[in-house]
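Undergrad: The structure under discussion is supplied below as structure tokens; questions concerning it will follow.
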Number of protein chains: 4
Amino acid sequence: MIGKILRFSIFGESHGVAVGTLIEGLPPGIEVSEDEMKELLRRRWGLPESSSTRREVDEPQIISGIFKGHTTGAPLAIVLENRDVDSSYYEEIRYTPRPGHSDYTSYVKYFGFNDYRGSGFFSGRLTAGMVLAGYFGRKILEMEGIAVKAAIRSVGNIVAKFSEDELFSSKDPICPDVEAMEKIKEKIAEVRSDGDSIGGIVECVARNVPAGLGGPFDDDLEGELARAFFAIPAVKGVEFGMGFQLARMRGSEANDEFGVKNGKIVTESNNMGGVLGGISNGMSIVTRIAFKPTPSIYKPQKTVDLRSLETKEIKLHGRFDACIVPKAVVVVESMMSFVLADHLLRRYSKLHFMDKFKKDKEMG
Amino acid sequence: MIGKILRFSIFGESHGVAVGTLIEGLPPGIEVSEDEMKELLRRRWGLPESSSTRREVDEPQIISGIFKGHTTGAPLAIVLENRDVDSSYYEEIRYTPRPGHSDYTSYVKYFGFNDYRGSGFFSGRLTAGMVLAGYFGRKILEMEGIAVKAAIRSVGNIVAKFSEDELFSSKDPICPDVEAMEKIKEKIAEVRSDGDSIGGIVECVARNVPAGLGGPFDDDLEGELARAFFAIPAVKGVEFGMGFQLARMRGSEANDEFGVKNGKIVTESNNMGGVLGGISNGMSIVTRIAFKPTPSIYKPQKTVDLRSLETKEIKLHGRFDACIVPKAVVVVESMMSFVLADHLLRRYSKLHFMDKFKKDKEMG
Amino acid sequence: MIGKILRFSIFGESHGVAVGTLIEGLPPGIEVSEDEMKELLRRRWGLPESSSTRREVDEPQIISGIFKGHTTGAPLAIVLENRDVDSSYYEEIRYTPRPGHSDYTSYVKYFGFNDYRGSGFFSGRLTAGMVLAGYFGRKILEMEGIAVKAAIRSVGNIVAKFSEDELFSSKDPICPDVEAMEKIKEKIAEVRSDGDSIGGIVECVARNVPAGLGGPFDDDLEGELARAFFAIPAVKGVEFGMGFQLARMRGSEANDEFGVKNGKIVTESNNMGGVLGGISNGMSIVTRIAFKPTPSIYKPQKTVDLRSLETKEIKLHGRFDACIVPKAVVVVESMMSFVLADHLLRRYSKLHFMDKFKKDKEMG
Amino acid sequence: MIGKILRFSIFGESHGVAVGTLIEGLPPGIEVSEDEMKELLRRRWGLPESSSTRREVDEPQIISGIFKGHTTGAPLAIVLENRDVDSSYYEEIRYTPRPGHSDYTSYVKYFGFNDYRGSGFFSGRLTAGMVLAGYFGRKILEMEGIAVKAAIRSVGNIVAKFSEDELFSSKDPICPDVEAMEKIKEKIAEVRSDGDSIGGIVECVARNVPAGLGGPFDDDLEGELARAFFAIPAVKGVEFGMGFQLARMRGSEANDEFGVKNGKIVTESNNMGGVLGGISNGMSIVTRIAFKPTPSIYKPQKTVDLRSLETKEIKLHGRFDACIVPKAVVVVESMMSFVLADHLLRRYSKLHFMDKFKKDKEMG
């Protein structure tokens, strides 16, 4: 369960009956569209170049929580059936965990009872549930005028160049820098032909976020976002604003000075990525998420037989992504949207209190 | 409230009566020592070179949860009185938020009712509660044979060099690389004399962590750790294993191949930092946390009067840290210890179930 | 979400696609049987005499969390399709809430966006999800040797007489007192022919519960059980042991004195219903749950049009239960089983800690 | 931790340093008064007739969360020092648990490490923390115009008679029925002179509660209130509206028909105690809570030595309440106030959403 007022869980296994999400705490009356959901789910396909994996035309089956095209406010469950699943391969690798995968750790955690077919509950397929939950977060943010957009910032050593404005004005759902994307596609093709894979960074920005979301300690907006991002498979690092660069900077360079723009308090730079003290400051929230190269590669690798403890060589076959970063863009957006929507709904409670009882909004 | 079985909250304000922590879910019977607590609290002083701030000899006042030198299992509250507090200065900056600080965002979040003296609840002083909570996490981990140790990895562009073994064998509580520390001290002195500040990176490693802690989605060990780290003031980035470097790597370089050592499954490298699929894999958990330069600097900065929206220049005076990274080492260790102890206690529930009912520990 | 280590949510609407449950935190390796689930679901039909409502042959569709006949430990979702649903009637009463039903309050809570057909998420149909979640609680309790059994204690003024031993030795799933049941059936038939309904009390007992489950304040076993029981529709009172009778008693009558039986500490009476200070004391946990008469009756009743605020008379038609108490027996058992299993798993964490580190189990 | 948006924990032991509460999630800007807190704490003394126990003039020491007389919104900790504590007696009964007390169960739960002096964390003294937390709940409810009042409904077989209006217009903080109270005082005096104790029922009513608080399943208002009431020591039963009486009634008697009063939808009776489907319906919330007789009596009782398992006779000495019901009145009020305030703040989130985006508040 991720979230506090607005919460969601995911369920399902890669090669089971279906995957899905259960969302609780939604406000009633949000108009929803299955077409919009499908459009988001399609973005999970990523690039044709990066992926040779199955591309399921996912038909979201709404089980509950929507009535006459609107959220009811009751728990909302959506299920996506799994199709064209071929699990025959996975018996082979049941006891010989694939390096870099969750095979070994899920075996230990679940004492060998885990559904090991296609990574089971740990599969990237489960991110469909995140995208669906994020859809409802998006709808809430849209009402407030908040926009969330992510893009590939880098793949391997190729860095895309784009400003925040270019990010939001671009129609490309994966990256606004067309030239960099050409190189990225080539790189992915090259890596694929090597039977290898490659990592990358997704940058995600939320615009028009009001100041005051989040809080210190367990309400910390960065902490809550980071926790949600790390729930996405393959994420190994999260930073906000200038992030790790800040560790090299001086305070006089890093501090964002305050100014006024259109009668509103702003900062003149945004090195902090829109968050101060765990609370949004009204500037764009900027975060970068590092994805490791997908562990599925065609090169032979060393593993160990979990029963005999003998060392073995493993050589994977099947359809893999050479780079999951293009697919991850919409997942990152979705997680950010969901977490921000939860924090917005938390904030609404206090805003209502203040509007009602403390119109002057400050002590004497 | 951070944690699930083992949980803690912090409370207090920098210039209020006291700060403290409330810990719930502790196992009974843990032998505790006030001297050990004080020793940990002293480590929060950091380097003499980096800090000119108040160094309170903190006397932990145990309010509840300890009886005859052992935890009772009931909620454990500890309070540290604030002394030598001079708040006169803070009226000055009440409406002119310091750049990079939480002044502005806490003003917005709390509608002007926040205790603005010395950053109130957002002060670094509150990390004393984290250290105290972490003390109990440490005690639990020690029983299991798990060791957690952090050190400065870098300050500005100066990078300390140390292996994991050097980290654990070093007696220095801040950094095993003596040469680098000399440079770091010089750098901090230089920055201080400029009236400026500087950021850095803390690396934290947990050794002898059993495989099987954590889980996917909301149990994700990386996500839970990251959330705890971001609760520490000034943290702007968190990564595990090779972290952001993984985004540049190929799968064939990044994947940790499996092997056997002393009859135990290990990986031959540890690029993943001991976590696969959100679950510990038995290797050392390695994480790096980026701290921004402390925002308190003596250089004049631009701010805005919150009432009139006029632009003003602000020049801070008082005692500041030129670099908080040395102080942060023990705080990072504490947060990691607490989160791991919580996950260990969660794991114990399933281990007890398996020990009792499923000795064979795997399905047919 | 009910529970802490073992948790579940329900979802679905009476006249929607399906109802179901999502269970998180299950131990892996529990052998499960769809036939057993179906058998429990059938018990929700109650008596032929009390019910003229639809009796769906529920086919549990397992979406996730079960693999090769065992729980995997991953989130477990089960869905029950709704069939033979006729919602035409409900448009009629959309704006004229039925007295005693949730029609009015769900309209207010969800601002008119609730699925009002057949009470939507508030329908008794949703208790199927509770029964399914409870099934997994039962399986865990069985391993520990804990048995949970409920029965009708009264309907209207007819009180069934049975001892705890009779309750557990009886093969009747609803009530061990055959004579009382005859009268109850007659009473229900009489009430039905009047177009009316009637309330009753379910008693539920858990046997062989180890001492030490629960705790003070938010871990209070009675409080956690009560919260779960009140989640069942139509529950208006919960008591433990002698319950409300204790308010009339003296301490010398009420206190259960301690004794020893088969080398184990017991109490010589069980007025406290097996719970002292919120913690199980090793005696049977005894609870009684009061159900109001089902609000659906055929007699004309006064209501108000929600739009015009005009007073109206409403006369319900359709198939109703004249008494839901027979159906509720298995639901009460299920909720008790789930909550106890959660508390058992919480307890296991501490037991594992003590077994491992504190074999002597007491301070000097 | 009780509550969701507004949450509190209690800590401390009867014979330890202090007791207290930690409250999180408070709105900022609530004006608070230590005198009001003390006044509430004084009500915990109950009747002179019922109690010979220590009457500490509690001085609330505010640790955090209040600044310039208002809540800041940060965690609020209050501590009450323990004074005049004589623990010498308790070594005597350390291994011979008092019947009806938590001595035995806390010994088991905490493996003998519990603070057994004066019941430790299980002591009635801890209810001071509930009263303090409840104070902040009250302040929030007052702003909304909600009033919460409790009174003794019965002690032993003596039943006080009072209407809801009499309850709220009475200035007596314990019971509006003066005649019944005379009898109750006599009864308590009689019981005391017998060295015995007696139980009773507290009734608590909340007036002017808006419709729409609470929800189904885990948001159920009755369930949440019940859970909070069972956290009060000695509570063994909770019912709403006609409660257990409803189990004997017919639907035609029990259902509250709808009507209109002053342009507002009301029910013409209030058998449901203001809650339908777990959600407030705008009528007064009426609940009754059964308290067992305090287990501390002067009569000799059988117990068992926890080490030798030998049967022993125990005869308590010291100062006890012959009836805790008078003291419990303010505690019940406090718990109800806190839970309602939490639910009000949850509701505010949705109200703000609807006010902002769905002014028409219903789908087409």
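In the structure tokens, the first chain shown is A, the next is B, and so on; residue numbers restart at 1 for each chain, and ligands run from 1 in the order shown.
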Using only C-alpha atoms, what table do you get, as a Markdown table, when you list each residue of chain A with an atom no more than 6 Å from chain B, its nearest pair of atoms, and their distance in Å rounded to one decimal, rows by chain then rising number?

TA:
| residue | atom | partner | partner_atom | distance |
| --- | --- | --- | --- | --- |
| A:Met1 | CA | B:Asp218 | CA | 6.0 |
| A:Pro99 | CA | B:Glu257 | CA | 5.2 |
| A:Gly100 | CA | B:Asn255 | CA | 4.8 |
| A:Ser102 | CA | B:Gly277 | CA | 4.7 |
| A:Thr105 | CA | B:Asn281 | CA | 5.6 |
| A:Val108 | CA | B:Gly212 | CA | 5.5 |
| A:Lys109 | CA | B:Gly212 | CA | 4.4 |
| A:Phe111 | CA | B:Lys361 | CA | 5.6 |
| A:Gly112 | CA | B:Glu362 | CA | 5.0 |
| A:Gly156 | CA | B:Arg248 | CA | 3.7 |
| A:Asn157 | CA | B:Arg248 | CA | 5.6 |
| A:Asp196 | CA | B:Gly251 | CA | 6.0 |
| A:Ser197 | CA | B:Gly251 | CA | 4.9 |
| A:Ile198 | CA | B:Arg250 | CA | 4.3 |
| A:Gly199 | CA | B:Ala247 | CA | 4.1 |
| A:Gly200 | CA | B:Ala247 | CA | 4.0 |
| A:Ile201 | CA | B:Ala247 | CA | 6.0 |
| A:Gly212 | CA | B:Lys109 | CA | 4.4 |
| A:Phe217 | CA | B:Ala231 | CA | 4.5 |
| A:Asp218 | CA | B:Met1 | CA | 5.9 |
| A:Gly223 | CA | B:Arg227 | CA | 4.0 |
| A:Arg227 | CA | B:Gly223 | CA | 4.0 |
| A:Phe230 | CA | B:Gly223 | CA | 4.8 |
| A:Ala231 | CA | B:Phe217 | CA | 4.5 |
| A:Lys236 | CA | B:Gly243 | CA | 5.0 |
| A:Gly237 | CA | B:Glu239 | CA | 3.9 |
| A:Val238 | CA | B:Val238 | CA | 5.6 |
| A:Glu239 | CA | B:Gly237 | CA | 3.9 |
| A:Phe240 | CA | B:Lys236 | CA | 5.5 |
| A:Gly243 | CA | B:Lys236 | CA | 5.0 |
| A:Phe244 | CA | B:Ala290 | CA | 5.3 |
| A:Leu246 | CA | B:Lys292 | CA | 4.9 |
| A:Ala247 | CA | B:Gly200 | CA | 4.0 |
| A:Arg248 | CA | B:Gly156 | CA | 3.8 |
| A:Met249 | CA | B:Ile198 | CA | 5.8 |
| A:Arg250 | CA | B:Ile198 | CA | 4.3 |
| A:Gly251 | CA | B:Ser197 | CA | 4.9 |
| A:Asn255 | CA | B:Gly100 | CA | 4.7 |
| A:Asp256 | CA | B:Pro99 | CA | 5.7 |
| A:Glu257 | CA | B:Pro99 | CA | 5.2 |
| A:Phe258 | CA | B:Thr303 | CA | 4.4 |
| A:Gly259 | CA | B:Val304 | CA | 6.0 |
| A:Leu276 | CA | B:Ser102 | CA | 5.3 |
| A:Gly277 | CA | B:Ser102 | CA | 4.7 |
| A:Ile279 | CA | B:Thr105 | CA | 5.9 |
| A:Asn281 | CA | B:Thr105 | CA | 5.6 |
| A:Ala290 | CA | B:Phe244 | CA | 5.3 |
| A:Phe291 | CA | B:Ala247 | CA | 5.5 |
| A:Lys292 | CA | B:Leu246 | CA | 4.9 |
| A:Pro293 | CA | B:Gly251 | CA | 4.9 |
| A:Pro295 | CA | B:Gly251 | CA | 5.5 |
| A:Lys302 | CA | B:Glu257 | CA | 5.3 |
| A:Thr303 | CA | B:Phe258 | CA | 4.4 |
| A:Val304 | CA | B:Phe258 | CA | 5.9 |
| A:Lys361 | CA | B:Phe111 | CA | 5.6 |
| A:Glu362 | CA | B:Gly112 | CA | 5.0 |

Undergrad: Output as a ChimeraX atom specification all residues of segment 225-312 of chain D that backbone DSSP marks as strand (DSSP E or B).

TA: /D:235-240,250,258-261,264-267,275-276,279-280,285-291,301-304,311-312

Undergrad: Go ahead and write the residues just picked, N, CA and C atoms, as a compact mmCIF listing (two decimals), in the first residue's frame.

TA:
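That gives us again_29.txt:
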# COMPACT_ATOMS: atom_id res chain seq x y z
N VAL D 235 -12.70 -1.58 29.75
CA VAL D 235 -13.86 -1.60 28.85
C VAL D 235 -14.06 -3.03 28.32
N LYS D 236 -15.30 -3.51 28.40
CA LYS D 236 -15.60 -4.87 27.93
C LYS D 236 -16.75 -4.93 26.93
N GLY D 237 -17.37 -3.78 26.63
CA GLY D 237 -18.46 -3.79 25.66
C GLY D 237 -18.72 -2.39 25.13
N VAL D 238 -19.11 -2.32 23.88
CA VAL D 238 -19.41 -1.04 23.23
C VAL D 238 -20.63 -1.25 22.34
N GLU D 239 -21.59 -0.32 22.43
CA GLU D 239 -22.75 -0.41 21.54
C GLU D 239 -23.16 0.98 21.09
N PHE D 240 -23.85 1.01 19.96
CA PHE D 240 -24.30 2.28 19.39
C PHE D 240 -25.82 2.29 19.28
N ARG D 250 -37.73 -5.76 15.85
CA ARG D 250 -38.10 -5.97 14.46
C ARG D 250 -37.66 -4.76 13.63
N PHE D 258 -37.19 8.63 7.83
CA PHE D 258 -36.66 9.94 7.48
C PHE D 258 -37.73 11.01 7.52
N GLY D 259 -37.36 12.20 7.90
CA GLY D 259 -38.25 13.35 7.87
C GLY D 259 -37.42 14.59 7.60
N VAL D 260 -38.07 15.73 7.65
CA VAL D 260 -37.37 16.99 7.41
C VAL D 260 -37.63 17.93 8.58
N LYS D 261 -36.60 18.57 9.06
CA LYS D 261 -36.74 19.50 10.19
C LYS D 261 -35.85 20.71 9.88
N LYS D 264 -33.74 20.42 6.85
CA LYS D 264 -32.63 19.46 6.89
C LYS D 264 -33.19 18.05 7.03
N ILE D 265 -32.57 17.10 6.38
CA ILE D 265 -33.03 15.72 6.52
C ILE D 265 -32.64 15.20 7.89
N VAL D 266 -33.63 14.65 8.58
CA VAL D 266 -33.39 14.07 9.91
C VAL D 266 -34.05 12.68 9.95
N THR D 267 -33.80 11.96 11.01
CA THR D 267 -34.59 10.75 11.24
C THR D 267 -35.50 11.04 12.42
N VAL D 275 -25.49 6.61 13.24
CA VAL D 275 -24.57 6.00 12.27
C VAL D 275 -25.31 4.97 11.43
N LEU D 276 -25.22 5.12 10.12
CA LEU D 276 -25.80 4.15 9.17
C LEU D 276 -24.71 3.75 8.18
N ILE D 279 -21.35 5.38 8.64
CA ILE D 279 -21.22 6.81 8.32
C ILE D 279 -22.22 7.60 9.15
N SER D 280 -21.80 8.74 9.67
CA SER D 280 -22.70 9.58 10.45
C SER D 280 -23.85 10.05 9.56
N ILE D 285 -24.65 11.11 17.67
CA ILE D 285 -24.00 9.81 17.80
C ILE D 285 -24.09 9.40 19.27
N VAL D 286 -24.69 8.25 19.48
CA VAL D 286 -24.97 7.79 20.85
C VAL D 286 -24.28 6.45 21.06
N THR D 287 -23.48 6.36 22.10
CA THR D 287 -22.77 5.12 22.37
C THR D 287 -22.74 4.84 23.86
N ARG D 288 -22.74 3.57 24.18
CA ARG D 288 -22.61 3.17 25.59
C ARG D 288 -21.43 2.22 25.72
N ILE D 289 -20.67 2.43 26.78
CA ILE D 289 -19.44 1.66 26.98
C ILE D 289 -19.51 0.99 28.36
N ALA D 290 -19.35 -0.33 28.36
CA ALA D 290 -19.45 -1.10 29.61
C ALA D 290 -18.08 -1.22 30.25
N PHE D 291 -18.00 -0.83 31.52
CA PHE D 291 -16.77 -0.97 32.31
C PHE D 291 -16.95 -2.10 33.32
N GLN D 301 -7.94 -13.46 47.19
CA GLN D 301 -8.22 -14.10 45.90
C GLN D 301 -7.14 -15.12 45.58
N LYS D 302 -7.51 -16.10 44.79
CA LYS D 302 -6.55 -17.13 44.42
C LYS D 302 -5.71 -16.68 43.22
N THR D 303 -4.44 -16.94 43.31
CA THR D 303 -3.56 -16.68 42.18
C THR D 303 -2.52 -17.79 42.12
N VAL D 304 -1.59 -17.63 41.19
CA VAL D 304 -0.59 -18.67 40.97
C VAL D 304 0.78 -18.01 40.92
N THR D 311 -0.28 -22.57 43.68
CA THR D 311 -1.44 -21.73 43.95
C THR D 311 -1.19 -20.93 45.24
N LYS D 312 -1.57 -19.68 45.23
CA LYS D 312 -1.38 -18.82 46.39
C LYS D 312 -2.65 -18.01 46.63

Undergrad: What's the 10 Å shell around Cys175 of chain B, counting only C-alpha atoms, without same-chain residues fewer than 3 positions away, as a ChimeraX atom specification?

TA: /B:150-154,160-162,166-167,170-172,178-181,202-203,326,329

Undergrad: Let's have the selection written as a PDB file, in the first residue's frame, with C-alpha atoms.

TA:
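Wrote it out as selection.pdb, contents follow:
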ATOM      1  CA  ALA B 150      29.013   5.055   7.622  1.00  0.00           C
ATOM      2  CA  ALA B 151      31.753   7.453   6.648  1.00  0.00           C
ATOM      3  CA  ILE B 152      32.322  10.573   4.614  1.00  0.00           C
ATOM      4  CA  ARG B 153      32.859   9.565   0.987  1.00  0.00           C
ATOM      5  CA  SER B 154      33.396  13.082  -0.268  1.00  0.00           C
ATOM      6  CA  ALA B 160      37.955   9.721   0.342  1.00  0.00           C
ATOM      7  CA  LYS B 161      39.294   6.336  -0.699  1.00  0.00           C
ATOM      8  CA  PHE B 162      38.502   3.313   1.393  1.00  0.00           C
ATOM      9  CA  GLU B 166      38.924  -0.427   5.698  1.00  0.00           C
ATOM     10  CA  LEU B 167      35.634   1.165   6.610  1.00  0.00           C
ATOM     11  CA  SER B 170      38.916   1.861  10.944  1.00  0.00           C
ATOM     12  CA  LYS B 171      38.489   3.291  14.422  1.00  0.00           C
ATOM     13  CA  ASP B 172      37.769   6.725  13.010  1.00  0.00           C
ATOM     14  CA  VAL B 178      43.243   9.979   6.978  1.00  0.00           C
ATOM     15  CA  GLU B 179      44.842  11.833   4.089  1.00  0.00           C
ATOM     16  CA  ALA B 180      41.591  12.747   2.471  1.00  0.00           C
ATOM     17  CA  MET B 181      40.297  13.896   5.830  1.00  0.00           C
ATOM     18  CA  VAL B 202      28.058   9.938   3.157  1.00  0.00           C
ATOM     19  CA  GLU B 203      28.449   6.258   2.348  1.00  0.00           C
ATOM     20  CA  PRO B 326      30.777  15.060   9.414  1.00  0.00           C
ATOM     21  CA  VAL B 329      27.608  10.288   9.479  1.00  0.00           C
TER      22      VAL B 329
END

Undergrad: Find the distance between atom CA of Pro60 of chain A and atom CA of Leu80 of chain A and write it in Å to one decimal.

TA: 5.2 Å

Undergrad: Of the residues A:Glu59, A:Asp115, A:Asp35, A:Glu24, which is the one nearest to Leu76 of chain A, using only C-alpha atoms?

TA: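 Closest candidate: A:Glu24.
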
Undergrad: Using DSSP secondary structure from the backbone, list all alpha helix (DSSP H) positions within segment 64-296 of chain B, as a PyMOL selection string.

TA: chain B and resi 88-92+103-109+127-144+164-169+178-193+221-230+251-254

Undergrad: Could those residues be written to a file, using C-alpha atoms, as a compact mmCIF listing (two decimals), in the first residue's frame?

TA:
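Wrote selection-v2.txt, looks like this:
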# COMPACT_ATOMS: atom_id res chain seq x y z
CA SER B 88 16.43 36.77 19.97
CA TYR B 89 17.89 36.68 16.49
CA TYR B 90 15.05 34.80 14.92
CA GLU B 91 12.41 37.49 15.23
CA GLU B 92 14.52 39.38 12.70
CA ASP B 103 11.74 28.93 6.54
CA TYR B 104 9.53 29.71 3.59
CA THR B 105 8.02 26.28 3.09
CA SER B 106 7.26 25.74 6.76
CA TYR B 107 5.66 29.17 6.85
CA VAL B 108 3.39 28.14 4.00
CA LYS B 109 2.68 24.64 5.27
CA THR B 127 18.40 14.45 14.34
CA ALA B 128 19.25 13.71 17.97
CA GLY B 129 15.94 11.85 18.10
CA MET B 130 16.96 9.87 15.03
CA VAL B 131 20.24 8.91 16.66
CA LEU B 132 18.46 7.76 19.80
CA ALA B 133 15.95 5.70 17.84
CA GLY B 134 18.79 4.30 15.77
CA TYR B 135 20.54 3.23 18.96
CA PHE B 136 17.81 0.67 19.58
CA GLY B 137 17.97 -0.47 15.99
CA ARG B 138 21.72 -1.02 16.43
CA LYS B 139 21.21 -3.11 19.53
CA ILE B 140 18.86 -5.42 17.66
CA LEU B 141 21.19 -5.69 14.67
CA GLU B 142 24.16 -6.44 16.92
CA MET B 143 22.35 -9.47 18.33
CA GLU B 144 21.95 -10.75 14.79
CA GLU B 164 34.60 -1.85 2.77
CA ASP B 165 37.13 -3.66 4.93
CA GLU B 166 38.92 -0.43 5.70
CA LEU B 167 35.63 1.17 6.61
CA PHE B 168 34.84 -1.51 9.16
CA SER B 169 38.35 -1.89 10.55
CA VAL B 178 43.24 9.98 6.98
CA GLU B 179 44.84 11.83 4.09
CA ALA B 180 41.59 12.75 2.47
CA MET B 181 40.30 13.90 5.83
CA GLU B 182 43.20 16.30 6.14
CA LYS B 183 42.24 17.82 2.82
CA ILE B 184 38.61 17.85 3.80
CA LYS B 185 39.37 19.70 7.00
CA GLU B 186 41.41 22.24 5.06
CA LYS B 187 38.64 22.64 2.54
CA ILE B 188 36.08 23.17 5.27
CA ALA B 189 38.33 25.72 6.97
CA GLU B 190 38.75 27.51 3.67
CA VAL B 191 35.05 27.51 2.95
CA ARG B 192 34.33 28.73 6.45
CA SER B 193 36.74 31.59 6.10
CA LEU B 221 14.19 -2.21 1.18
CA GLU B 222 15.77 0.47 -0.99
CA GLY B 223 12.58 2.50 -0.94
CA GLU B 224 12.20 2.22 2.82
CA LEU B 225 15.83 3.18 3.39
CA ALA B 226 15.60 6.07 0.94
CA ARG B 227 12.51 7.39 2.65
CA ALA B 228 14.33 7.31 5.98
CA PHE B 229 17.42 9.02 4.55
CA PHE B 230 15.39 11.80 2.95
CA GLY B 251 24.03 -5.51 -18.19
CA SER B 252 27.09 -7.66 -18.75
CA GLU B 253 29.12 -5.28 -16.58
CA ALA B 254 26.44 -4.54 -14.02

Undergrad: Can you tell me how far atom CA of Leu41 of chain D sits from atom CA of Val331 of chain D, in Å to one decimal?

TA: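 Those two atoms sit 9.3 Å apart.
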
Undergrad: Ile63 of chain A: which residues within 9 Å, counting only C-alpha atoms, same-chain residues fewer than 4 positions away excluded, as a list in words?

TA: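 Close residues of Ile63 of chain A: Leu76, Ala77, Ile78 and Val79 of chain A; Phe11, Gly12, Glu13, Gly16, Val17, Ala18, Val19, Gly20 and Val79 of chain C.
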